[in-house]
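Have a look at data.cif below; it lists mmCIF, C-alpha atoms.
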data_target
loop_
_atom_site.label_atom_id
_atom_site.label_comp_id
_atom_site.auth_asym_id
_atom_site.auth_seq_id
_atom_site.Cartn_x
_atom_site.Cartn_y
_atom_site.Cartn_z
CA MET A 803 -17.42 -45.47 -6.33
CA ALA A 804 -18.94 -48.80 -5.33
CA PHE A 805 -16.57 -51.17 -3.48
CA SER A 806 -14.04 -48.33 -3.10
CA GLY A 807 -13.38 -48.97 0.57
CA GLU A 808 -13.68 -45.24 1.32
CA GLY A 809 -16.46 -45.85 3.84
CA ARG A 810 -19.17 -45.31 1.27
CA GLY A 811 -21.97 -47.82 0.87
CA PHE A 812 -22.38 -50.34 -1.91
CA ASN A 813 -24.39 -49.28 -4.92
CA LYS A 814 -27.69 -51.10 -4.48
CA ASN A 815 -28.14 -51.74 -8.22
CA ILE A 816 -24.73 -53.38 -8.56
CA LEU A 817 -25.38 -55.62 -5.57
CA VAL A 818 -28.84 -56.64 -6.83
CA LYS A 819 -27.50 -57.40 -10.34
CA THR A 820 -24.64 -59.44 -8.90
CA ILE A 821 -27.02 -61.55 -6.79
CA GLN A 822 -29.37 -62.00 -9.79
CA THR A 823 -26.45 -63.20 -11.91
CA MET A 824 -25.37 -65.65 -9.21
CA ASN A 825 -28.93 -67.06 -9.11
CA GLN A 826 -29.45 -67.53 -12.88
CA HIS A 827 -29.38 -71.32 -12.43
CA LEU A 828 -32.48 -71.27 -10.20
CA PRO A 829 -35.85 -72.28 -11.65
CA ASN A 830 -38.63 -69.76 -12.27
CA ARG A 831 -41.01 -72.24 -10.67
CA ARG A 832 -40.32 -75.23 -8.45
CA LEU A 833 -42.37 -78.42 -8.67
CA ASN A 834 -43.75 -80.41 -5.78
CA LEU A 835 -42.69 -83.97 -5.00
CA THR A 836 -45.98 -85.45 -6.25
CA GLU A 837 -45.52 -83.81 -9.68
CA LEU A 838 -41.90 -84.92 -9.96
CA LEU A 839 -42.64 -88.54 -9.02
CA ALA A 840 -45.26 -88.66 -11.79
CA MET A 841 -42.80 -87.48 -14.47
CA GLU A 842 -41.01 -89.94 -16.74
CA LYS A 843 -37.87 -87.78 -16.69
CA PRO A 844 -38.17 -85.68 -13.51
CA GLY A 845 -36.48 -82.32 -13.67
CA ILE A 846 -36.89 -78.59 -13.96
CA ARG A 847 -35.76 -75.78 -16.23
CA GLY A 848 -33.67 -72.94 -14.77
CA LYS A 849 -33.99 -69.23 -15.55
CA ASP A 850 -30.95 -69.67 -17.80
CA ASN A 851 -32.91 -72.35 -19.75
CA THR A 852 -30.72 -75.20 -18.42
CA PHE A 853 -32.67 -78.41 -17.73
CA PHE A 854 -31.75 -80.07 -14.42
CA VAL A 855 -32.60 -83.76 -14.19
CA MET A 856 -33.51 -84.99 -10.72
CA ASP A 857 -32.36 -88.46 -9.79
CA ARG A 858 -35.28 -90.84 -9.20
CA SER A 859 -33.50 -92.56 -6.30
CA GLU A 860 -33.23 -89.18 -4.54
CA LEU A 861 -36.93 -88.56 -5.09
CA GLU A 862 -37.67 -91.97 -3.59
CA LEU A 863 -35.43 -91.22 -0.58
CA ILE A 864 -37.27 -87.93 -0.13
CA SER A 865 -40.67 -89.65 -0.39
CA GLU A 866 -39.60 -92.07 2.37
CA SER A 867 -38.35 -89.19 4.55
CA VAL A 868 -41.49 -87.05 4.73
CA PRO A 869 -45.14 -88.01 5.34
CA ARG A 870 -47.26 -88.45 2.20
CA PHE A 871 -49.52 -85.52 3.12
CA MET A 872 -46.48 -83.21 2.73
CA TRP A 873 -45.58 -84.39 -0.79
CA SER A 874 -47.76 -81.76 -2.47
CA ARG A 875 -46.20 -79.02 -0.30
CA LEU A 876 -42.55 -80.03 -0.69
CA ARG A 877 -41.11 -77.85 -3.48
CA LEU A 878 -38.06 -79.08 -5.35
CA PRO A 879 -35.31 -78.34 -5.94
CA MET A 880 -34.99 -77.44 -2.29
CA LEU A 881 -33.18 -74.10 -1.97
CA ILE A 882 -30.22 -73.78 0.37
CA GLU A 883 -30.11 -70.02 0.93
CA MET A 884 -26.55 -68.83 1.49
CA SER A 885 -26.11 -65.48 3.23
CA SER A 886 -23.74 -63.81 5.66
CA ASP A 887 -26.89 -62.89 7.63
CA PHE A 888 -26.90 -66.46 9.03
CA GLY A 889 -23.35 -66.30 10.35
CA SER A 890 -20.16 -67.76 8.94
CA GLY A 891 -21.02 -70.80 6.83
CA GLY A 892 -24.72 -70.52 7.68
CA ALA A 893 -27.55 -71.37 5.31
CA ARG A 894 -31.33 -71.24 5.62
CA ILE A 895 -33.95 -73.64 4.34
CA GLN A 896 -37.54 -72.40 4.31
CA GLY A 897 -40.90 -74.15 4.20
CA GLU A 898 -42.52 -76.56 6.64
CA ALA A 899 -42.12 -79.62 4.39
CA GLU A 900 -38.56 -78.61 3.46
CA VAL A 901 -37.64 -78.23 7.15
CA GLU A 902 -39.17 -81.65 7.88
CA LEU A 903 -37.11 -83.23 5.08
CA THR A 904 -33.88 -81.50 6.13
CA SER A 905 -34.34 -82.49 9.77
CA ASN A 906 -35.02 -86.12 8.85
CA ILE A 907 -32.15 -86.40 6.36
CA LEU A 908 -29.66 -84.83 8.80
CA GLY A 909 -31.07 -86.52 11.92
CA LYS A 910 -31.81 -83.19 13.64
CA GLU A 911 -34.55 -82.33 16.10
CA ARG A 912 -37.29 -80.22 14.59
CA THR A 913 -39.41 -77.68 16.42
CA LEU A 914 -43.06 -78.48 15.70
CA GLY A 915 -44.47 -76.15 13.06
CA SER A 916 -41.15 -74.46 12.30
CA ARG A 917 -41.05 -72.99 8.81
CA GLN A 918 -37.31 -72.43 8.56
CA ILE A 919 -34.06 -73.96 9.74
CA VAL A 920 -30.53 -72.57 9.75
CA ILE A 921 -27.79 -75.13 9.14
CA TYR A 922 -24.03 -74.71 8.95
CA LEU A 923 -21.32 -75.87 6.57
CA PRO A 924 -20.88 -79.49 7.79
CA ASP A 925 -24.66 -80.03 7.51
CA VAL A 926 -24.83 -78.19 4.18
CA ARG A 927 -22.17 -80.55 2.81
CA GLU A 928 -24.01 -83.60 4.17
CA LEU A 929 -27.33 -82.44 2.69
CA ARG A 930 -25.74 -81.80 -0.72
CA ARG A 931 -23.96 -85.17 -0.58
CA LYS A 932 -27.24 -87.00 0.06
CA LEU A 933 -29.40 -84.86 -2.27
CA PRO A 934 -27.15 -83.46 -5.02
CA THR A 935 -29.79 -83.24 -7.78
CA THR A 936 -32.76 -82.12 -5.67
CA THR A 937 -31.06 -79.22 -3.83
CA GLN A 938 -29.63 -75.99 -5.18
CA TYR A 939 -27.80 -73.05 -3.69
CA ALA A 940 -29.53 -69.66 -3.71
CA PHE A 941 -27.64 -66.52 -2.78
CA VAL A 942 -29.54 -63.94 -0.76
CA THR A 943 -28.79 -60.69 1.03
CA ASN A 944 -30.70 -58.29 3.22
CA LEU A 945 -30.33 -54.77 1.81
CA ARG A 946 -32.19 -53.11 4.71
CA ASP A 947 -29.40 -53.72 7.22
CA ARG A 948 -26.55 -52.75 4.92
CA ASP A 949 -24.94 -49.42 4.14
CA VAL A 950 -26.33 -49.28 0.61
CA ASP A 951 -26.59 -46.27 -1.69
CA ASP A 952 -29.62 -45.96 -3.97
#
Please express the file's structure as structure tokens.
Amino acid sequence: MAFSGEGRGFNKNILVKTIQTMNQHLPNRRLNLTELLAMEKPGIRGKDNTFFVMDRSELELISESVPRFMWSRLRLPMLIEMSSDFGSGGARIQGEAEVELTSNILGKERTLGSRQIVIYLPDVRELRRKLPTTTQYAFVTNLRDRDVDD
């Protein structure tokens, strides 16, 4: 039985369904900063059909925080990927433009050309405080390294 604690692995299907349910709020497609700035009412529709409005002042802060040439590559909402794989309270942000934005907003050094950054709870809170409508949590797991039954 899954989650029985008898040393048996998790049922892969249950774990996948649970993660999918936790991520129902995420959009099917994210828009880039250029597209969102051009919209009268910037926002995006989630998989659960909920429309999330993005605050224009946040979009302006973002546009001031990354070079213009990155606007078309910066996909929003920016996903804060939560996983135990990154350590306790760790989260990953992926994408060169997204890493640039995160580093600038949090005042962190960025390795040139890095396509991902791992941040921890105090920084996650700070990022969400500064960008509440243009960031969303995504829950991820790595099934390859787990004791998972098929």
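The spacing separating CA of Leu929 (chain A) from CA of Glu900 (chain A) amounts to 11.9 Å.
Every protein or nucleic acid residue with an atom no more than 7 Å from region 818-834 of chain A, counting all atoms listed in the file and leaving out same-chain residues fewer than 2 positions away, appears here: Lys814, Asn815, Ile816, Thr836, Glu837, Leu838, Ile846, Arg847, Gly848, Lys849, Asp850, Trp873, Ser874, Arg875, Leu876, Arg877, Leu878, Pro879, Ala940, Phe941 and Val942 of chain A.
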* Asked: In terms of the shortest atom-to-atom distance over all atoms listed in the file, which of A:Leu817, A:Met856, A:Val920, A:Val926 is closest to Leu835 (chain A)?
  -> A:Met856
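Coordinates place CA of Phe888 (chain A) at a distance of 22.4 Å from CA of Lys932 (chain A).
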* Asked: So which residues touch Glu866 (chain A) within 10 Å, counting only C-alpha atoms, skipping near sequence neighbours fewer than 6 positions away, as a VMD selection string?
  -> chain A and resid 860 903 906
* Between CA of Phe871 (chain A) and CA of Ile921 (chain A), distance in Å (one decimal) -> 24.8 Å
* To do: Would you kindly return, as a PyMOL selection string, each protein, DNA or RNA residue with an atom no farther than 10 Å from any atom of Glu862 (chain A), considering only C-alpha atoms and excluding same-chain residues fewer than 5 positions away?
  => chain A and resi 835+839+857+867
